[in-house]
$ cat upload38.cif   # mmCIF, C-alpha atoms
data_final
loop_
_atom_site.label_atom_id
_atom_site.label_comp_id
_atom_site.auth_asym_id
_atom_site.auth_seq_id
_atom_site.Cartn_x
_atom_site.Cartn_y
_atom_site.Cartn_z
CA MET R 154 2.63 -4.32 11.44
CA PRO R 155 2.94 -1.46 11.94
CA LEU R 156 4.62 -1.13 8.50
CA ASP R 157 1.31 -1.77 6.73
CA ARG R 158 0.14 1.84 6.76
CA ARG R 159 -3.51 1.15 5.89
CA VAL R 160 -4.04 -1.44 8.62
CA TRP R 161 -2.09 0.58 11.15
CA LEU R 162 -4.29 3.62 10.52
CA GLU R 163 -7.34 1.38 10.90
CA CYS R 164 -6.03 0.09 14.24
CA GLN R 165 -5.43 3.61 15.50
CA ALA R 166 -8.90 4.72 14.40
CA LEU R 167 -10.55 1.93 16.39
CA ARG R 168 -8.33 2.54 19.40
CA ASP R 169 -9.26 6.22 19.40
CA VAL R 170 -12.98 5.45 19.72
CA GLY R 171 -12.43 2.98 22.56
CA ILE R 172 -12.48 -0.29 20.60
CA GLY R 173 -9.69 -2.63 21.67
CA VAL R 174 -7.50 -4.03 18.90
CA SER R 175 -5.29 -7.12 18.75
CA VAL R 176 -3.40 -7.99 15.57
CA ILE R 177 -2.05 -11.31 14.29
CA CYS R 178 0.53 -11.03 11.52
CA PRO R 179 3.89 -12.39 10.32
CA LYS R 180 7.11 -11.29 12.03
CA GLY R 181 9.62 -9.00 10.44
CA PRO R 182 13.36 -9.41 11.07
CA GLY R 183 14.09 -8.92 14.76
CA ASP R 184 10.44 -8.49 15.78
CA PRO R 185 9.34 -9.92 19.15
CA PHE R 186 6.60 -12.55 19.44
CA ILE R 187 4.27 -10.15 21.27
CA GLN R 188 4.55 -6.38 21.44
CA GLU R 189 2.27 -3.49 22.27
CA ILE R 190 2.57 -0.28 20.24
CA ASP R 191 0.40 2.76 21.00
CA GLY R 192 -2.24 0.65 22.72
CA VAL R 193 -2.41 -2.02 19.99
CA ARG R 194 -1.26 -5.51 20.97
CA ILE R 195 0.47 -7.36 18.11
CA TYR R 196 1.04 -11.14 18.00
CA LYS R 197 3.64 -12.15 15.41
CA TYR R 198 4.58 -15.53 13.97
CA PRO R 199 7.59 -16.55 11.84
CA PRO R 200 6.64 -16.28 8.17
CA PRO R 201 6.82 -19.37 5.97
CA PRO R 202 9.53 -19.70 3.33
CA ALA R 203 8.87 -17.87 0.06
CA ALA R 204 6.40 -19.97 -1.94
CA SER R 205 6.79 -21.20 -5.50
CA GLY R 206 4.53 -23.58 -7.37
CA VAL R 207 1.16 -24.99 -6.36
CA LEU R 208 2.49 -27.08 -3.48
CA GLY R 209 4.50 -24.15 -2.15
CA TYR R 210 1.48 -21.85 -2.11
CA MET R 211 -0.68 -24.55 -0.52
CA TYR R 212 1.90 -25.01 2.22
CA GLU R 213 2.06 -21.24 2.78
CA PHE R 214 -1.73 -20.90 2.99
CA ILE R 215 -2.14 -23.86 5.35
CA TYR R 216 0.77 -22.85 7.57
CA CYS R 217 -0.40 -19.25 7.95
CA TRP R 218 -3.98 -20.34 8.58
CA LEU R 219 -3.06 -22.85 11.29
CA VAL R 220 -0.66 -20.51 13.08
CA THR R 221 -3.19 -17.67 12.93
CA ALA R 222 -5.90 -19.99 14.29
CA LEU R 223 -3.68 -20.99 17.22
CA LEU R 224 -2.78 -17.38 17.97
CA SER R 225 -6.46 -16.43 17.82
CA LEU R 226 -7.02 -18.76 20.77
CA LEU R 227 -4.31 -16.92 22.67
CA VAL R 228 -5.90 -13.57 21.77
CA ALA R 229 -9.31 -14.86 22.88
CA ALA R 230 -7.87 -15.93 26.22
CA ARG R 231 -5.75 -12.83 26.88
CA ASP R 232 -7.70 -10.00 25.26
CA GLY R 233 -11.08 -11.29 24.15
CA PHE R 234 -12.72 -10.10 20.92
CA GLY R 235 -16.15 -9.57 19.41
CA ALA R 236 -15.26 -9.66 15.74
CA ILE R 237 -12.50 -10.63 13.32
CA GLN R 238 -11.19 -8.49 10.47
CA ALA R 239 -9.27 -10.35 7.78
CA CYS R 240 -7.16 -8.67 5.12
CA ASN R 241 -6.19 -10.69 2.07
CA PRO R 242 -4.36 -12.39 0.43
CA PRO R 243 -4.98 -15.23 1.01
CA ASP R 244 -8.77 -15.62 0.98
CA THR R 245 -8.75 -18.39 3.58
CA TYR R 246 -9.60 -16.66 6.86
CA TRP R 247 -13.35 -16.89 6.26
CA ALA R 248 -12.99 -20.48 7.51
CA LEU R 249 -11.53 -19.23 10.80
CA ALA R 250 -14.32 -16.67 11.10
CA LEU R 251 -16.84 -19.45 10.48
CA LEU R 252 -15.41 -21.48 13.38
CA TYR R 253 -15.95 -18.52 15.71
CA ARG R 254 -19.46 -17.69 14.45
CA PRO R 255 -21.27 -20.04 16.92
CA PHE R 256 -19.65 -18.00 19.70
CA GLY R 257 -21.17 -14.77 18.41
CA LYS R 258 -18.04 -13.47 16.70
CA ARG R 259 -18.67 -11.42 13.57
CA PHE R 260 -16.51 -11.06 10.46
CA VAL R 261 -15.28 -7.99 8.56
CA TYR R 262 -13.51 -8.54 5.23
CA ASP R 263 -11.07 -5.76 4.31
CA GLN R 264 -10.29 -6.68 0.70
CA HIS R 265 -6.80 -5.59 -0.31
CA ASP R 266 -6.39 -7.75 -3.43
CA LEU R 267 -8.45 -9.55 -6.06
CA ASN R 268 -6.83 -12.97 -6.00
CA PRO R 269 -8.39 -14.27 -9.25
CA GLU R 270 -7.01 -11.16 -10.96
CA VAL R 271 -3.61 -11.78 -9.34
CA PHE R 272 -3.63 -15.21 -11.01
CA LEU R 273 -4.64 -13.78 -14.39
CA SER R 274 -2.00 -11.06 -14.13
CA ARG R 275 0.79 -13.54 -13.35
CA PHE R 276 -0.15 -16.51 -15.50
CA GLY R 277 -2.75 -15.36 -18.03
CA ALA R 278 -6.08 -17.06 -18.76
CA PRO R 279 -6.00 -20.68 -17.47
CA LYS R 280 -5.68 -23.22 -20.28
CA SER R 281 -4.43 -26.45 -18.74
CA THR R 282 -6.57 -28.56 -16.43
CA GLY R 283 -4.31 -27.79 -13.48
CA ALA R 284 -4.46 -24.05 -14.11
CA ARG R 285 -8.26 -24.14 -14.40
CA VAL R 286 -8.46 -26.03 -11.10
CA GLN R 287 -6.24 -23.45 -9.39
CA PHE R 288 -8.18 -20.53 -10.82
CA GLY R 289 -11.48 -22.15 -9.85
CA ALA R 290 -10.19 -22.66 -6.31
CA LEU R 291 -9.29 -18.97 -6.03
CA ARG R 292 -12.75 -17.96 -7.28
CA TRP R 293 -14.36 -20.34 -4.75
CA LEU R 294 -12.27 -19.02 -1.85
CA GLU R 295 -13.20 -15.44 -2.79
CA LYS R 296 -16.88 -16.40 -3.05
CA MET R 297 -16.80 -18.01 0.40
CA THR R 298 -15.12 -14.94 1.88
CA TYR R 299 -17.82 -12.68 0.44
CA ARG R 300 -20.55 -15.06 1.62
CA THR R 301 -19.21 -15.38 5.17
CA ALA R 302 -18.49 -11.69 5.87
CA HIS R 303 -20.99 -9.56 7.75
CA GLU R 304 -19.41 -6.43 6.23
CA VAL R 305 -17.05 -5.96 3.28
CA ILE R 306 -14.62 -3.04 3.03
CA SER R 307 -13.43 -2.20 -0.50
CA THR R 308 -10.44 -0.01 -1.26
CA ASN R 309 -12.10 1.68 -4.26
CA GLU R 310 -15.24 1.70 -6.40
CA SER R 311 -13.80 -0.89 -8.80
CA TYR R 312 -13.39 -3.38 -5.96
CA ARG R 313 -16.86 -2.51 -4.64
CA SER R 314 -18.38 -3.21 -8.04
CA ILE R 315 -16.78 -6.67 -8.04
CA ALA R 316 -18.07 -7.34 -4.51
CA LEU R 317 -21.60 -6.43 -5.62
CA ASN R 318 -21.60 -8.21 -8.98
CA ARG R 319 -19.26 -11.17 -8.66
CA GLY R 320 -19.69 -11.51 -4.92
CA GLY R 321 -23.44 -10.97 -4.83
CA ARG R 322 -23.18 -8.66 -1.84
CA ASP R 323 -25.98 -6.42 -0.57
CA PRO R 324 -24.89 -2.82 -1.36
CA GLN R 325 -25.69 -1.83 2.23
CA THR R 326 -22.92 -4.13 3.48
CA VAL R 327 -20.10 -2.97 1.19
CA THR R 328 -18.27 0.23 2.12
CA VAL R 329 -15.48 1.94 0.21
CA VAL R 330 -12.63 2.93 2.54
CA ARG R 331 -9.78 4.25 0.42
CA SER R 332 -6.17 3.88 1.55
CA GLY R 333 -5.61 7.59 1.92
CA PRO R 334 -2.52 8.86 3.74
CA ASP R 335 -2.77 10.89 6.92
CA THR R 336 -1.53 14.15 5.41
CA THR R 337 -1.17 15.84 8.81
CA VAL R 338 1.70 13.39 9.43
CA MET R 339 2.88 12.55 5.91
CA ARG R 340 4.46 15.87 5.04
CA PRO R 341 7.84 16.62 3.48
CA VAL R 342 10.71 17.24 5.85
CA GLU R 343 14.21 18.56 5.21
CA PRO R 344 15.86 16.47 2.47
CA VAL R 345 18.90 14.25 3.03
CA PRO R 346 21.19 14.85 0.02
CA ALA R 347 23.30 11.77 0.81
CA LEU R 348 20.35 9.60 -0.25
CA ARG R 349 20.77 10.68 -3.86
CA GLY R 350 23.61 8.22 -4.36
CA GLY R 351 26.03 10.87 -5.55
CA GLN R 352 23.77 12.00 -8.39
CA GLU R 353 21.94 15.30 -8.72
CA ARG R 354 18.38 13.96 -8.92
CA LEU R 355 16.59 11.07 -7.22
CA ALA R 356 13.59 8.99 -8.31
CA VAL R 357 11.99 6.56 -5.88
CA TYR R 358 9.89 3.40 -5.95
CA LEU R 359 8.12 2.41 -2.72
CA GLY R 360 6.35 -0.89 -2.22
CA ILE R 361 6.25 -4.63 -2.66
CA MET R 362 8.43 -6.13 -5.39
CA GLY R 363 6.44 -9.04 -6.80
CA PRO R 364 6.00 -10.34 -10.35
CA GLN R 365 2.96 -8.12 -10.94
CA ASP R 366 4.59 -4.89 -9.71
CA GLY R 367 6.75 -4.18 -12.76
CA VAL R 368 9.84 -3.01 -10.88
CA ASP R 369 11.99 -4.56 -13.61
CA GLN R 370 10.35 -2.06 -15.99
CA ALA R 371 11.63 0.80 -13.83
CA LEU R 372 15.17 -0.60 -14.08
CA ARG R 373 14.91 -1.01 -17.85
CA ALA R 374 13.60 2.56 -18.22
CA LEU R 375 16.53 3.75 -16.10
CA ALA R 376 18.94 1.82 -18.34
CA GLU R 377 17.46 3.62 -21.35
CA LEU R 378 17.90 6.92 -19.51
CA VAL R 379 21.49 6.27 -18.43
CA HIS R 380 22.95 4.25 -21.29
CA GLY R 381 20.61 5.19 -24.14
CA ARG R 382 20.31 8.91 -23.41
CA GLY R 383 23.59 9.45 -21.61
CA ARG R 384 22.13 10.79 -18.36
CA GLN R 385 24.67 10.75 -15.53
CA ASP R 386 22.63 12.87 -13.12
CA CYS R 387 19.91 10.50 -11.92
CA HIS R 388 19.61 7.86 -9.21
CA LEU R 389 16.82 5.41 -8.40
CA ALA R 390 16.05 4.23 -4.87
CA LEU R 391 13.96 1.06 -4.60
CA LEU R 392 12.32 0.93 -1.17
CA GLY R 393 10.78 -2.37 -0.13
CA PHE R 394 11.05 -6.10 -0.52
CA GLY R 395 9.23 -9.03 -2.12
CA ASP R 396 9.55 -12.22 -4.11
CA CYS R 397 11.52 -10.55 -6.91
CA LEU R 398 14.03 -8.56 -4.84
CA GLU R 399 17.03 -10.80 -5.52
CA GLU R 400 16.15 -11.09 -9.22
CA LEU R 401 15.95 -7.30 -9.43
CA LYS R 402 19.38 -6.92 -7.85
CA GLU R 403 20.78 -9.31 -10.46
CA LEU R 404 19.01 -7.38 -13.23
CA ALA R 405 20.53 -4.11 -12.02
CA VAL R 406 24.00 -5.65 -12.30
CA GLU R 407 23.17 -7.11 -15.71
CA LEU R 408 22.03 -3.67 -16.94
CA ASN R 409 25.20 -2.06 -15.54
CA LEU R 410 23.24 0.17 -13.17
CA ASP R 411 25.11 -0.53 -9.92
CA GLU R 412 26.09 3.09 -9.29
CA TYR R 413 22.65 4.42 -10.24
CA VAL R 414 20.43 2.19 -8.04
CA THR R 415 20.00 1.75 -4.29
CA PHE R 416 18.07 -1.21 -2.85
CA THR R 417 17.06 -0.36 0.71
CA GLY R 418 15.11 -3.51 1.61
CA ARG R 419 12.48 -3.15 4.32
CA VAL R 420 12.22 0.45 5.56
CA ALA R 421 10.26 2.04 8.39
CA ALA R 422 8.26 5.28 8.34
CA PRO R 423 11.16 7.63 9.25
CA GLU R 424 13.33 6.35 6.39
CA ILE R 425 10.39 6.51 3.99
CA ALA R 426 9.83 10.14 4.98
CA ASP R 427 13.50 10.93 4.33
CA TYR R 428 13.54 9.32 0.90
CA LEU R 429 10.22 10.79 -0.27
CA SER R 430 11.25 14.23 0.98
CA THR R 431 14.57 14.00 -0.89
CA ALA R 432 13.29 12.47 -4.13
CA ASP R 433 12.26 14.49 -7.18
CA ILE R 434 10.04 11.90 -8.90
CA GLY R 435 7.77 9.02 -7.81
CA ILE R 436 7.83 5.93 -10.03
CA CYS R 437 4.78 3.68 -10.65
CA PRO R 438 5.92 0.98 -13.11
CA ASP R 439 2.98 -1.38 -12.47
CA PRO R 440 1.99 -2.80 -15.89
CA LYS R 441 -1.60 -2.79 -17.06
CA SER R 442 -3.21 -6.07 -15.99
CA PRO R 443 -6.59 -7.33 -14.74
CA LEU R 444 -5.36 -6.70 -11.17
CA ASN R 445 -3.38 -3.48 -11.48
CA ASP R 446 -5.98 -1.68 -13.59
CA VAL R 447 -8.56 -1.77 -10.79
CA SER R 448 -6.25 -1.54 -7.77
CA THR R 449 -5.45 1.60 -5.80
CA MET R 450 -1.67 1.90 -5.44
CA ASN R 451 -0.83 3.21 -1.98
CA LYS R 452 2.58 4.34 -3.15
CA THR R 453 0.98 6.79 -5.59
CA MET R 454 -0.79 8.68 -2.82
CA GLU R 455 2.26 8.57 -0.57
CA TYR R 456 4.34 10.15 -3.33
CA MET R 457 1.66 12.81 -3.67
CA ALA R 458 1.70 13.57 0.05
CA TYR R 459 5.39 14.45 -0.30
CA CYS R 460 4.79 16.71 -3.33
CA LEU R 461 6.27 14.31 -5.86
CA PRO R 462 5.24 14.34 -9.51
CA VAL R 463 4.43 10.80 -10.61
CA ILE R 464 5.28 8.77 -13.71
CA SER R 465 2.91 5.85 -14.23
CA PHE R 466 1.68 3.41 -16.78
CA ASP R 467 -1.92 4.29 -17.59
CA LEU R 468 -4.17 2.44 -15.11
CA VAL R 469 -7.81 3.20 -14.36
CA GLU R 470 -7.54 3.57 -10.58
CA THR R 471 -4.16 5.34 -10.72
CA ARG R 472 -5.85 8.07 -12.75
CA VAL R 473 -8.55 8.27 -10.08
CA SER R 474 -5.86 8.79 -7.43
CA ALA R 475 -3.27 10.97 -9.15
CA GLY R 476 -5.37 13.00 -11.58
CA GLU R 477 -3.29 15.63 -13.38
CA SER R 478 -0.32 15.32 -11.05
CA ALA R 479 0.97 12.26 -12.95
CA ILE R 480 2.36 11.65 -16.43
CA TYR R 481 0.75 8.54 -17.95
CA LEU R 482 2.32 6.23 -20.54
CA PRO R 483 0.92 3.20 -22.37
CA SER R 484 1.80 0.04 -20.47
CA GLY R 485 5.20 -1.29 -21.51
CA ASP R 486 6.31 1.92 -23.26
CA LEU R 487 9.80 2.02 -21.76
CA ALA R 488 11.08 4.64 -24.18
CA GLY R 489 8.14 6.88 -23.28
CA PHE R 490 8.71 6.22 -19.58
CA ALA R 491 12.36 7.26 -19.92
CA GLN R 492 11.35 10.34 -21.92
CA ALA R 493 8.87 11.42 -19.21
CA TRP R 494 11.58 10.82 -16.59
CA GLU R 495 13.98 13.00 -18.58
CA LEU R 496 11.34 15.70 -19.01
CA LEU R 497 10.90 16.00 -15.25
CA LEU R 498 14.66 15.94 -14.69
CA ASP R 499 15.15 18.85 -17.09
CA ASP R 500 12.08 20.95 -16.24
CA PRO R 501 12.00 22.08 -12.59
CA GLY R 502 8.94 24.21 -13.31
CA GLU R 503 7.01 21.14 -14.44
CA ARG R 504 8.14 19.24 -11.35
CA ALA R 505 6.92 22.12 -9.19
CA ARG R 506 3.57 22.35 -10.98
CA ARG R 507 2.78 18.65 -10.77
CA GLY R 508 4.20 18.29 -7.26
CA ALA R 509 2.03 21.11 -5.93
CA LEU R 510 -1.01 19.64 -7.70
CA ALA R 511 -0.24 16.29 -6.09
CA ARG R 512 -0.10 17.69 -2.57
CA THR R 513 -3.26 19.75 -3.03
CA ARG R 514 -5.19 16.79 -4.40
CA VAL R 515 -4.09 14.27 -1.82
CA ALA R 516 -4.81 16.63 1.09
CA ALA R 517 -8.19 17.83 -0.22
CA GLU R 518 -9.61 14.65 -1.77
CA LEU R 519 -7.68 11.55 -0.71
CA ASP R 520 -6.80 12.18 2.93
CA TRP R 521 -7.38 9.44 5.49
CA ALA R 522 -9.66 11.58 7.71
CA PRO R 523 -12.97 11.03 5.84
CA GLN R 524 -12.03 7.39 5.19
CA ARG R 525 -11.38 6.91 8.91
CA ASP R 526 -14.92 8.04 9.72
CA LYS R 527 -16.42 5.53 7.27
CA TYR R 528 -14.22 2.77 8.62
CA VAL R 529 -15.19 3.42 12.24
CA ARG R 530 -18.89 3.41 11.32
CA VAL R 531 -18.50 -0.06 9.76
CA TRP R 532 -17.16 -1.38 13.03
CA GLN R 533 -19.79 0.38 15.08
CA ARG R 534 -22.44 -1.41 13.01
CA VAL R 535 -20.66 -4.75 13.35
CA LEU R 536 -20.37 -4.47 17.12
CA GLY R 537 -23.84 -2.99 17.63
CA LEU R 538 -22.52 0.34 18.89
CA PRO R 539 -24.06 3.77 18.20
CA GLU R 540 -22.82 5.03 14.82
CA ASP R 541 -21.14 8.16 16.10
CA GLY R 542 -18.31 8.12 13.58
CA TYR R 543 -14.86 9.34 14.47
CA PRO R 544 -14.76 12.19 16.99
CA VAL R 545 -12.78 15.08 15.55
CA ASN R 546 -10.83 17.13 18.05
CA PRO R 547 -10.33 20.53 16.37
CA GLU R 548 -7.75 21.62 18.93
CA ALA R 549 -5.64 18.48 18.46
CA LEU R 550 -5.93 18.77 14.68
CA ALA R 551 -4.91 22.43 14.77
CA ALA R 552 -1.97 21.58 17.02
CA GLN R 553 -0.79 18.87 14.63
CA ASN R 554 -1.08 21.15 11.61
CA ALA R 555 0.80 23.88 13.47
CA ARG R 556 3.78 21.65 14.26
CA THR R 557 6.97 22.72 12.55
CA SER R 558 8.82 19.42 12.97
CA ASP R 559 8.07 15.71 13.09
CA ALA R 560 8.49 13.31 16.01
CA ARG R 561 12.24 13.05 15.30
CA GLY R 562 12.69 16.82 15.31
CA ARG R 563 13.08 16.97 11.51
CA ARG R 564 11.77 20.31 10.23
CA TYR R 565 8.62 20.21 8.10
CA ILE R 566 8.64 22.10 4.82
CA ALA R 567 6.14 24.98 4.81
CA LEU R 568 3.12 24.11 2.64
CA ASP R 569 1.13 27.34 2.97
CA ASP R 570 3.40 29.56 0.84
CA PRO R 571 3.11 28.58 -2.87
CA ALA R 572 6.34 30.31 -3.88
CA ARG R 573 8.40 28.68 -1.13
CA LEU R 574 6.79 25.31 -1.81
CA ALA R 575 7.57 25.57 -5.53
CA ASP R 576 11.17 26.43 -4.70
CA PHE R 577 11.42 23.37 -2.43
CA ILE R 578 9.96 21.01 -5.05
CA GLN R 579 12.31 22.35 -7.73
CA HIS R 580 15.48 22.04 -5.69
CA ARG R 581 14.65 19.63 -2.83
CA ALA R 582 16.89 21.70 -0.61
#

$ encode --input "upload38.cif" --output "structure tokens"
Amino acid sequence: MPLDRRVWLECQALRDVGIGVSVICPKGPGDPFIQEIDGVRIYKYPPPPAASGVLGYMYEFIYCWLVTALLSLLVAARDGFGAIQACNPPDTYWALALLYRPFGKRFVYDQHDLNPEVFLSRFGAPKSTGARVQFGALRWLEKMTYRTAHEVISTNESYRSIALNRGGRDPQTVTVVRSGPDTTVMRPVEPVPALRGGQERLAVYLGIMGPQDGVDQALRALAELVHGRGRQDCHLALLGFGDCLEELKELAVELNLDEYVTFTGRVAAPEIADYLSTADIGICPDPKSPLNDVSTMNKTMEYMAYCLPVISFDLVETRVSAGESAIYLPSGDLAGFAQAWELLLDDPGERARRGALARTRVAAELDWAPQRDKYVRVWQRVLGLPEDGYPVNPEALAAQNARTSDARGRRYIALDDPARLADFIQHRA
């Protein structure tokens, strides 16, 4: 926090209606133990070492749970609280919520991942006794989380369906709150040509780099583009971090892509805005899997907010998000992925068409504003407050939309003139 955009928007929504918010989360490099940002107090603990194997994951789960439990006592003493919201993975914080239930504390489950599907996507259907035990444990933890929660928040209708059917939840207690971007803030600014790595065009990947995220597929598609098709005019920026980051760096060297790839590591909102404003294409290489097919990819909507056409493997929920602004390929079709990449490189008119569609769709249908209202109402029910929703201040909204530059003084690109917008998307200048 506050790099997790969804949770940070949730915190701000609660703060704006007068509900105090304290957050417990892992520390990033250089983060203080306690800090207050925009009225939200954040308690941070050193993260455990990267886990591998059953014992490693057990250690990670137990460590994070115990440290979070201890910090919750500090939060209770310093700030007080009436309810706990847990975001997963892991699905272990129901046990902490259960300990606080005798004291009248309620529990909201904001489900970010389907952990049984994460297992299936990484390891396939369990066959050995050990694998079946692990998979059964994940299903049990998920079941207990559903059972313990007073309210469940799902990121899309696919997740809600699982909460109702597999989790046995009452439909009245499961609310879809999509991870929409705040499009009054997430708007393209003046590009930074130096970010293109010396090439003419820039593609970007934004997000976690784990085994299920398929970032290696993006590198292999780029290798086909550069070495198979002879393209010397494209660069790929990989924004983020994760378990596979070092492996991906080694793969880039192995594929002889050093001069065509930039690994940024962890990046904050200003750097993300610069890269997404400069890039020509947003990359979604997530392979089709039991998890990815039903998950909403935040990066897709963030690309769209910055008028980026998207290339994606064909996933159910990605189609729900991106609609006609994306080009979809069968999962694993690297030649097709490279061909779509080349098409967008060579056809500025197609980039402009899909980029404009993306911005229109994300602002009109996927924006955070209506999701914020649903989220606030969940918490008003949980805390027994009048369900007033989120108070909209038309004057403040108009003032934000009228701003010509962001908080850093970077000039926003005009979005109300189709011809000028098309010219920007084509040239990113």

$ residues_around --input "upload38.cif" --residues "Gly350 in chain R" --least-positions-apart "2" --cutoff "10 Å" --atoms "all atoms listed in the file" --output "list in words"
Pro346, Ala347, Leu348, Gln352, Glu353, Arg354, Leu355, Asp386, Cys387, His388, Leu389, Ala390, Glu412, Tyr413, Val414 and Thr415 of chain R

$ resolve_selection --input "upload38.cif" --expression "the PyMOL selection byres ((chain R and resi 168-184) around 8)" --output "JSON, numbers by chain"
{"R": [154, 164, 165, 166, 167, 185, 186, 192, 193, 194, 195, 196, 197, 198, 199, 200, 221, 224, 225, 228, 232, 543, 544]}

$ resolve_selection --input "upload38.cif" --expression "the PyMOL selection byres ((chain R and resi 465-472) around 9)" --output "count of residues only"
34

$ resolve_selection --input "upload38.cif" --expression "the PyMOL selection byres ((chain R and resi 462) around 12)" --output "PDB file with C-alpha atoms, in the coordinates of the input"
ATOM      1  CA  ALA R 356      13.590   8.990  -8.310  1.00  0.00           C
ATOM      2  CA  VAL R 357      11.990   6.560  -5.880  1.00  0.00           C
ATOM      3  CA  LEU R 429      10.220  10.790  -0.270  1.00  0.00           C
ATOM      4  CA  ALA R 432      13.290  12.470  -4.130  1.00  0.00           C
ATOM      5  CA  ASP R 433      12.260  14.490  -7.180  1.00  0.00           C
ATOM      6  CA  ILE R 434      10.040  11.900  -8.900  1.00  0.00           C
ATOM      7  CA  GLY R 435       7.770   9.020  -7.810  1.00  0.00           C
ATOM      8  CA  ILE R 436       7.830   5.930 -10.030  1.00  0.00           C
ATOM      9  CA  CYS R 437       4.780   3.680 -10.650  1.00  0.00           C
ATOM     10  CA  THR R 453       0.980   6.790  -5.590  1.00  0.00           C
ATOM     11  CA  MET R 454      -0.790   8.680  -2.820  1.00  0.00           C
ATOM     12  CA  GLU R 455       2.260   8.570  -0.570  1.00  0.00           C
ATOM     13  CA  TYR R 456       4.340  10.150  -3.330  1.00  0.00           C
ATOM     14  CA  MET R 457       1.660  12.810  -3.670  1.00  0.00           C
ATOM     15  CA  ALA R 458       1.700  13.570   0.050  1.00  0.00           C
ATOM     16  CA  TYR R 459       5.390  14.450  -0.300  1.00  0.00           C
ATOM     17  CA  CYS R 460       4.790  16.710  -3.330  1.00  0.00           C
ATOM     18  CA  LEU R 461       6.270  14.310  -5.860  1.00  0.00           C
ATOM     19  CA  VAL R 463       4.430  10.800 -10.610  1.00  0.00           C
ATOM     20  CA  ILE R 464       5.280   8.770 -13.710  1.00  0.00           C
ATOM     21  CA  SER R 465       2.910   5.850 -14.230  1.00  0.00           C
ATOM     22  CA  ALA R 475      -3.270  10.970  -9.150  1.00  0.00           C
ATOM     23  CA  GLY R 476      -5.370  13.000 -11.580  1.00  0.00           C
ATOM     24  CA  GLU R 477      -3.290  15.630 -13.380  1.00  0.00           C
ATOM     25  CA  SER R 478      -0.320  15.320 -11.050  1.00  0.00           C
ATOM     26  CA  ALA R 479       0.970  12.260 -12.950  1.00  0.00           C
ATOM     27  CA  ILE R 480       2.360  11.650 -16.430  1.00  0.00           C
ATOM     28  CA  TYR R 481       0.750   8.540 -17.950  1.00  0.00           C
ATOM     29  CA  ALA R 493       8.870  11.420 -19.210  1.00  0.00           C
ATOM     30  CA  TRP R 494      11.580  10.820 -16.590  1.00  0.00           C
ATOM     31  CA  LEU R 496      11.340  15.700 -19.010  1.00  0.00           C
ATOM     32  CA  LEU R 497      10.900  16.000 -15.250  1.00  0.00           C
ATOM     33  CA  LEU R 498      14.660  15.940 -14.690  1.00  0.00           C
ATOM     34  CA  ASP R 500      12.080  20.950 -16.240  1.00  0.00           C
ATOM     35  CA  PRO R 501      12.000  22.080 -12.590  1.00  0.00           C
ATOM     36  CA  GLY R 502       8.940  24.210 -13.310  1.00  0.00           C
ATOM     37  CA  GLU R 503       7.010  21.140 -14.440  1.00  0.00           C
ATOM     38  CA  ARG R 504       8.140  19.240 -11.350  1.00  0.00           C
ATOM     39  CA  ALA R 505       6.920  22.120  -9.190  1.00  0.00           C
ATOM     40  CA  ARG R 506       3.570  22.350 -10.980  1.00  0.00           C
ATOM     41  CA  ARG R 507       2.780  18.650 -10.770  1.00  0.00           C
ATOM     42  CA  GLY R 508       4.200  18.290  -7.260  1.00  0.00           C
ATOM     43  CA  ALA R 509       2.030  21.110  -5.930  1.00  0.00           C
ATOM     44  CA  LEU R 510      -1.010  19.640  -7.700  1.00  0.00           C
ATOM     45  CA  ALA R 511      -0.240  16.290  -6.090  1.00  0.00           C
ATOM     46  CA  ARG R 512      -0.100  17.690  -2.570  1.00  0.00           C
ATOM     47  CA  THR R 513      -3.260  19.750  -3.030  1.00  0.00           C
ATOM     48  CA  ARG R 514      -5.190  16.790  -4.400  1.00  0.00           C
ATOM     49  CA  ILE R 578       9.960  21.010  -5.050  1.00  0.00           C
ATOM     50  CA  GLN R 579      12.310  22.350  -7.730  1.00  0.00           C
TER      51      GLN R 579
END

$ closest_residue --input "upload38.cif" --among "R:His380, R:Arg322, R:His303, R:Arg561" --to "Pro423 in chain R" --atoms "only C-alpha atoms"
R:Arg561

$ closest_residue --input "upload38.cif" --among "R:Ala374, R:Ala522, R:Val515, R:Val327" --to "Val305 in chain R" --atoms "only C-alpha atoms"
R:Val327

$ closest_residue --input "upload38.cif" --among "R:Ala491, R:Ser332, R:Ile315, R:Gly257" --to "Leu372 in chain R" --atoms "all atoms listed in the file"
R:Ala491

$ atom_distance --input "upload38.cif" --atom1 "CA of Asp335 in chain R" --atom2 "CA of Glu518 in chain R"
11.7 Å

$ closest_residue --input "upload38.cif" --among "R:Phe394, R:Tyr246, R:Trp521, R:Tyr428" --to "Asn451 in chain R" --atoms "only C-alpha atoms"
R:Trp521

$ residues_near_point --input "upload38.cif" --point "(-5.4, -22.5, 5.5)" --cutoff "10 Å" --atoms "all atoms listed in the file" --output "list in words"
Met211, Tyr212, Glu213, Phe214, Ile215, Tyr216, Cys217, Trp218, Leu219, Val220, Thr221, Ala222, Pro243, Asp244, Thr245, Tyr246, Trp247, Ala248 and Leu249 of chain R

$ atom_distance --input "upload38.cif" --atom1 "CA of Ile306 in chain R" --atom2 "CA of Thr326 in chain R"
8.4 Å

$ closest_residue --input "upload38.cif" --among "R:Ala421, R:Leu378, R:Arg556, R:Asp427" --to "Leu408 in chain R" --atoms "only C-alpha atoms"
R:Leu378
